[in-house]
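Participant: Take this structure first; my questions come after.
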Amino acid sequence: CSEGRLIEYSCLNEQCVDEAVVCPEGTICQDGRCALRSAVTAPALVTPALPITIPSVGPFSTEATVGGIFTSTKTNLEYPSGETFVYIKNTVREIFENENTLPLILGMITQESGGNKQARSSAGAVGLMQIMPGAQTDVNNYLFIYHSQPLDSKNRNVWKDNVYIGITYFKFQLDEYKNIELALAAYNAGPENVNSRCKGKTFDQCKPLLPTETQNYVPAVLKHAEAWRRLLISIS
């Protein structure tokens, strides 16, 4: 390794020559390979099993969202058998290896975009899961390093990629914080905010220190998730 460049060797005309490879954005050259910077939590995904237990039957909250945004989100996601809903369900199963997190992901989508694939925030977040450029970069770096996929394999402006990025990025946070509420806070406010304000604290303890949007976001998602949980149980 030299100044962020990874030196690889290949043989050409029976002579070994070195080839300098520049490590992609968000990574560093470490131990002879490109590795994610320590600030990026993506390596946690290497562990196949979740380090926390997400209940298969809940509840996520003592309250559940009724009508309004919940009803419109169901319609927008083509629940229960349309392409959008089925893709979300299958992607949750692929990334988490079960569907226990499905109500939670659906609760996030309900709060983030109301199921509107064209949603765009003033901060520049886009799509069903309101993906920012940094989240796209983190997920693409992970896929590049651990799954040999191209650095631009996922595009937040493509709705299926948007869902994949969002679910994967949320799993990064779950693996890092091992707590649903803190993981949701990190998804919304960024892990830097949670690291600086919530270290050694529960969500309730650090809630007043977080942005007002995040203080409202976490319980809202959990209420939406509870509504989805009850709906999914009722048809199972």
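Simple scheme: letters A, B, ... for chains in structure tokens order, numbers from 1 for residues in each chain, numbers from 1 for ligands in the order shown.
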I'd like the neighbourhood of Val218 in chain A as number ranges by chain, where a residue qualifies if any of its atoms comes within 12 Å (using only C-alpha atoms), though same-chain residues fewer than 5 positions away should be ignored.
Facilitator: A: 60-61, 104, 107-108, 111-112, 179-189, 203-204, 207, 210-213, 223-225
Participant: Could you pull the residues within 10 Å of Trp159 in chain A, counting only C-alpha atoms, minus those fewer than 2 positions along the same chain, as a list in words?
Facilitator: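 Using only C-alpha atoms, the neighbours found are Thr84, Asn116, Lys117, Gln118, Val126, Gly127, Leu128, Met129, Asn155, Arg156, Asn157, Asp161, Asn162, Val163, Tyr164 and Ile165 of chain A.
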Participant: If you keep N, CA and C atoms, can you produce a file of those selected residues as a PDB file, in the first residue's frame?
Facilitator:
```pdb
ATOM      1  N   THR A  84     -44.416  -3.849  -6.163  1.00  0.00           N
ATOM      2  CA  THR A  84     -43.646  -3.062  -5.198  1.00  0.00           C
ATOM      3  C   THR A  84     -43.609  -3.747  -3.839  1.00  0.00           C
ATOM      4  N   ASN A 116     -44.416   6.821  -1.866  1.00  0.00           N
ATOM      5  CA  ASN A 116     -44.268   7.577  -3.114  1.00  0.00           C
ATOM      6  C   ASN A 116     -42.846   7.401  -3.652  1.00  0.00           C
ATOM      7  N   LYS A 117     -42.725   6.731  -4.779  1.00  0.00           N
ATOM      8  CA  LYS A 117     -41.409   6.459  -5.362  1.00  0.00           C
ATOM      9  C   LYS A 117     -40.710   7.732  -5.833  1.00  0.00           C
ATOM     10  N   GLN A 118     -41.479   8.785  -6.076  1.00  0.00           N
ATOM     11  CA  GLN A 118     -40.902  10.025  -6.585  1.00  0.00           C
ATOM     12  C   GLN A 118     -40.633  11.044  -5.476  1.00  0.00           C
ATOM     13  N   VAL A 126     -34.094  10.971  -1.614  1.00  0.00           N
ATOM     14  CA  VAL A 126     -35.020  10.590  -2.682  1.00  0.00           C
ATOM     15  C   VAL A 126     -35.610   9.208  -2.459  1.00  0.00           C
ATOM     16  N   GLY A 127     -36.785   9.014  -3.056  1.00  0.00           N
ATOM     17  CA  GLY A 127     -37.364   7.689  -3.187  1.00  0.00           C
ATOM     18  C   GLY A 127     -38.126   7.166  -1.984  1.00  0.00           C
ATOM     19  N   LEU A 128     -38.517   5.908  -2.094  1.00  0.00           N
ATOM     20  CA  LEU A 128     -39.324   5.257  -1.066  1.00  0.00           C
ATOM     21  C   LEU A 128     -38.684   5.333   0.308  1.00  0.00           C
ATOM     22  N   MET A 129     -37.361   5.176   0.374  1.00  0.00           N
ATOM     23  CA  MET A 129     -36.685   5.161   1.670  1.00  0.00           C
ATOM     24  C   MET A 129     -35.827   6.398   1.881  1.00  0.00           C
ATOM     25  N   ASN A 155     -28.254   2.490  -7.615  1.00  0.00           N
ATOM     26  CA  ASN A 155     -28.558   3.890  -7.894  1.00  0.00           C
ATOM     27  C   ASN A 155     -29.813   4.281  -7.110  1.00  0.00           C
ATOM     28  N   ARG A 156     -29.690   5.228  -6.220  1.00  0.00           N
ATOM     29  CA  ARG A 156     -30.806   5.604  -5.345  1.00  0.00           C
ATOM     30  C   ARG A 156     -32.005   6.143  -6.109  1.00  0.00           C
ATOM     31  N   ASN A 157     -31.817   6.544  -7.372  1.00  0.00           N
ATOM     32  CA  ASN A 157     -32.910   7.072  -8.179  1.00  0.00           C
ATOM     33  C   ASN A 157     -33.720   5.978  -8.879  1.00  0.00           C
ATOM     34  N   ASP A 161     -33.418  -0.243  -6.464  1.00  0.00           N
ATOM     35  CA  ASP A 161     -32.129   0.019  -5.821  1.00  0.00           C
ATOM     36  C   ASP A 161     -32.315   0.856  -4.562  1.00  0.00           C
ATOM     37  N   ASN A 162     -33.232   1.804  -4.613  1.00  0.00           N
ATOM     38  CA  ASN A 162     -33.521   2.662  -3.467  1.00  0.00           C
ATOM     39  C   ASN A 162     -33.937   1.823  -2.262  1.00  0.00           C
ATOM     40  N   VAL A 163     -34.818   0.859  -2.513  1.00  0.00           N
ATOM     41  CA  VAL A 163     -35.260  -0.037  -1.440  1.00  0.00           C
ATOM     42  C   VAL A 163     -34.099  -0.887  -0.935  1.00  0.00           C
ATOM     43  N   TYR A 164     -33.309  -1.427  -1.852  1.00  0.00           N
ATOM     44  CA  TYR A 164     -32.171  -2.270  -1.457  1.00  0.00           C
ATOM     45  C   TYR A 164     -31.176  -1.468  -0.614  1.00  0.00           C
ATOM     46  N   ILE A 165     -30.859  -0.265  -1.062  1.00  0.00           N
ATOM     47  CA  ILE A 165     -29.922   0.577  -0.312  1.00  0.00           C
ATOM     48  C   ILE A 165     -30.479   0.877   1.081  1.00  0.00           C
TER      49      ILE A 165
END
```
Participant: What gap, in Å, lies between CA of Phe144 in chain A and CA of Tyr177 in chain A?
Facilitator: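 If I compute the distance from CA of Phe144 in chain A to CA of Tyr177 in chain A, I get 23.7 Å.
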Participant: Within 12 Å of Glu94 in chain A, counting only C-alpha atoms, which residues qualify if same-chain residues fewer than 6 places away don't, as a ChimeraX atom specification?
Facilitator: /A:48,87-88,100-102,164,167-168,171
Participant: Would you mind listing what lies within 9 Å of Leu77 in chain A as a PyMOL selection string, with only C-alpha atoms counted and same-chain residues fewer than 3 positions away left out?
Facilitator: chain A and resi 72-74+80+82-86+88+114-116
Participant: Write the residues of the selection above to a file with N, CA and C atoms, as a compact mmCIF listing (two decimals), in the first residue's frame.
Facilitator:
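What follows is the written file out-v9.txt:
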```txt
# COMPACT_ATOMS: atom_id res chain seq x y z
N SER A 72 -52.92 5.27 2.60
CA SER A 72 -52.38 5.68 1.30
C SER A 72 -51.09 4.94 0.97
N THR A 73 -50.29 4.63 1.99
CA THR A 73 -49.06 3.88 1.74
C THR A 73 -49.37 2.47 1.24
N LYS A 74 -50.35 1.84 1.85
CA LYS A 74 -50.76 0.51 1.38
C LYS A 74 -51.11 0.54 -0.11
N PRO A 80 -51.68 -6.30 -1.27
CA PRO A 80 -50.63 -7.18 -0.75
C PRO A 80 -49.84 -7.96 -1.81
N GLY A 82 -48.93 -6.71 -5.22
CA GLY A 82 -48.34 -5.98 -6.32
C GLY A 82 -46.82 -6.06 -6.33
N GLU A 83 -46.23 -5.65 -7.43
CA GLU A 83 -44.78 -5.78 -7.62
C GLU A 83 -43.99 -5.06 -6.53
N THR A 84 -44.42 -3.85 -6.16
CA THR A 84 -43.65 -3.06 -5.20
C THR A 84 -43.61 -3.75 -3.84
N PHE A 85 -44.76 -4.13 -3.33
CA PHE A 85 -44.81 -4.77 -2.01
C PHE A 85 -44.04 -6.08 -2.02
N VAL A 86 -44.23 -6.88 -3.05
CA VAL A 86 -43.55 -8.19 -3.12
C VAL A 86 -42.04 -8.00 -3.18
N ILE A 88 -40.28 -5.49 -1.91
CA ILE A 88 -39.85 -5.09 -0.56
C ILE A 88 -39.75 -6.31 0.35
N GLY A 114 -44.40 7.77 2.40
CA GLY A 114 -45.80 7.43 2.17
C GLY A 114 -45.97 6.49 0.99
N GLY A 115 -44.87 5.81 0.63
CA GLY A 115 -44.93 4.88 -0.50
C GLY A 115 -44.82 5.56 -1.85
N ASN A 116 -44.42 6.82 -1.87
CA ASN A 116 -44.27 7.58 -3.11
C ASN A 116 -42.85 7.40 -3.65
```
Participant: Tell me, in Å to one decimal, how far CA of Cys206 in chain A is from CA of Gly124 in chain A.
Facilitator: 26.3 Å
